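**Student:** Take this structure first; my questions come after.
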Amino acid sequence: MLVILSGLLLLATGAGFVGAISGLGGGMFIVPALVVLAKMPMRVAVGASLISVVATSAGASVAFVRDGWTNLKVAMVLECATVTGAIVGAFMAGLVPTYVLEGLFALMMLQSAFFSITKHEETVLAKGGPIARKLRLAGDVPDAYGHPQHYEVINVRYGGPLMLVAGVMSGLLGVGSGALKVIAMDQVMHIPLKVSSATSNFMIGVTAGAGALVFLSRGDVSTTIAAPVAVGVTIGAFVGSRFLPKLKVQHMRTAFAAILLLIALEMGWRAINGI
Amino acid sequence: MAKLAIIQPDNVSADEDRILRVWTPVLLRTIVLISMASLILGLIMTALYTPSHFVERYHQVQLGHLIGKQSLTTIASKVMSGEPRAILMMGLFLLTLVPLVRVAFCLGLYLKARDYAFVGFTAYVLIALVLGAMLGRIG
């Protein structure tokens, strides 16, 4: 038993560590690790991953919330869309054939690889959209000199549908869909990149939680797999977040993109074989 | 990491924000720590008392054989009798409660501040989370 348990813990710790230092979350790595290396069925891997994503999001978002980087109001508004999507996705996961899930996972990996090498500098808007102004979604970020700089939010109505898609992907594939969420907030709603990342991290917990609740109540979560995975991913993410300030992540982006591409190829190959 | 000065348009909003930023991390961290302790305890008990069952279950899960739905009362009674698998299940349930508790806390705060737009948003998320769990049991 100890060999299997240690193997699962090691796999999950590695996924949590890489997920934390790449900023993509443990879910992107634990699902393929469980499917390819531990030979687990996709739905078992997705259920275990969703629960571990809840734990890592809660741990990672604490500092961002406390220090004011997370825009809590934006999170509350957009969670309506991500939670709806996650519940729909979790129900669809029970109906969609495995090869479709593997194919979608491969596409998600490609999108994340592209996102990880194309991050750009933030733009700060001085005038917000009508919905954002009514809901008081604006906030402050420090400028280059550390002084608070006010930012406004636009295009809330376009951010919503993208969040719905992010939610569906989360419930279907057991990932946090952080890359999609950041794109919606940063590039569509023009929220500064660091605030978008912190807010996405905070929202991932509720999105994954919605999917995890469906999987758990449906009986699609195996304690044998999910328990060591949750513990391992959380430990890995904790260690990764401590290592992060010491690492030159900019230089590692290409390596992360290469890993994501390799996993995308493997999952894509499995999808083609499954048709 | 630099801390930001939170500037909000009115006092009610600033109060909500301050309470959320102080108490949300406390809530998140507490529940995660309790659930992690349950999971680690459950894994240690599994290794000590039911190692062969763990190996057998691992291979069954590889073949796609899951135990299926279990009621909370069944899990609770098994936890009371010290069954390792039930303790693991309790730890996983506790983890999924993290978002529920966080959203319920925000809902209470917005209700207190009479910020009805955000009462609507948080109530919708809370109802969706509960409904998703209930539909999962049926479907």
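By order of appearance in the structure tokens: chains A, B, ..., then residues from 1 within every chain, and ligands from 1 in the order shown.
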Do me a favour and pick out the residues of chain A within 7 Å of chain B, using only C-alpha atoms, as number ranges by chain.

**Tutor:** A: 1, 39-41, 51, 54-55, 58-59, 62, 65-68, 76-77, 79-80, 83-84, 87, 140-142, 148, 205-206, 209-210, 212-215, 217-220, 222-224, 227, 231

**Student:** Assign secondary structure with DSSP using the backbone only, and return the residues of region 6-196 of chain A in strand (DSSP E) as an mmCIF file with C-alpha atoms, in the first residue's frame.

**Tutor:**
data_model
loop_
_atom_site.group_PDB
_atom_site.id
_atom_site.type_symbol
_atom_site.label_atom_id
_atom_site.label_comp_id
_atom_site.auth_asym_id
_atom_site.auth_seq_id
_atom_site.Cartn_x
_atom_site.Cartn_y
_atom_site.Cartn_z
ATOM 1 C CA GLY A 139 -10.272 49.626 -7.319
ATOM 2 C CA ASP A 140 -6.668 50.698 -6.773
ATOM 3 C CA VAL A 141 -3.265 49.256 -7.710
ATOM 4 C CA PRO A 142 0.182 50.627 -6.839
ATOM 5 C CA PRO A 148 -2.172 53.893 -5.244
ATOM 6 C CA GLN A 149 -3.388 54.230 -8.817
ATOM 7 C CA HIS A 150 -7.136 54.102 -9.455
ATOM 8 C CA TYR A 151 -8.421 51.724 -12.139
#

**Student:** To one decimal in Å, tell me the separation between CA of Val195 (chain A) and CA of Ile21 (chain A).

**Tutor:**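 Those two atoms sit 17.8 Å apart.
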
**Student:** Based on DSSP run over this structure's backbone, return all residues of region 52-167 of chain A in alpha helix (DSSP H), as a PyMOL selection string.

**Tutor:** chain A and resi 52-66+72-93+98-117+130-134+156-167

**Student:** Which residue gives the smallest distance to Gly268 (chain A) among A:Met109, A:Ala15, A:Ala48, A:Ile225, with only C-alpha atoms counted?

**Tutor:**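 Once distances to Gly268 (chain A) are computed over only C-alpha atoms, the minimum belongs to A:Met109.
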
**Student:** Could you check the closest approach to Ile44 (chain B) for each of A:Ile259, A:Gly19, A:Pro130, A:Pro228 and tell me which residue wins, using only C-alpha atoms?

**Tutor:**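 Closest candidate: A:Pro228.
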
**Student:** Residues at most 8 Å from Ala132 (chain A), counting only C-alpha atoms, excluding those fewer than 6 positions away in the same chain, as a ChimeraX atom specification?

**Tutor:** /A:138,152-154,156

**Student:** Go ahead and save the residues from that selection, with C-alpha atoms, as a compact mmCIF listing (two decimals), in the first residue's frame.

**Tutor:**
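Writing done, so here's again_10.txt:
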# COMPACT_ATOMS: atom_id res chain seq x y z
CA ALA A 138 -13.36 50.04 -9.52
CA GLU A 152 -11.85 51.39 -13.67
CA VAL A 153 -13.59 48.34 -15.16
CA ILE A 154 -15.40 48.03 -18.50
CA VAL A 156 -18.75 43.47 -17.64

**Student:** Under the rule that only C-alpha atoms are counted, which of A:Gly178, A:Gly160, A:Gly47, A:Gly167 is the nearest residue to Gln111 (chain A)?

**Tutor:**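 When distances to Gln111 (chain A) are compared using only C-alpha atoms, the smallest one comes from A:Gly178.
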
**Student:** Closest to Val44 (chain A) among A:Leu125, A:Val18, A:Asp143, A:Val229, using only C-alpha atoms?

**Tutor:** A:Val229

**Student:** Enter the distance from CA of Phe105 (chain A) to CA of Met185 (chain A), in Å, rounded to one decimal.

**Tutor:**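 Going from CA of Phe105 (chain A) over to CA of Met185 (chain A) covers 22.0 Å.
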
**Student:** Between CA of Ala93 (chain A) and CA of Ser170 (chain A), what distance in Å does the model show, to one decimal?

**Tutor:**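 Between these atoms lies a distance of 10.2 Å.
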
**Student:** Restricting the calculation to only C-alpha atoms: of B:Ala76, B:Leu94, B:Glu83, B:Ala104, which residue gets closest to Ile34 (chain B)?

**Tutor:**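 Checking each candidate against Ile34 (chain B), we get B:Leu94 as the closest.
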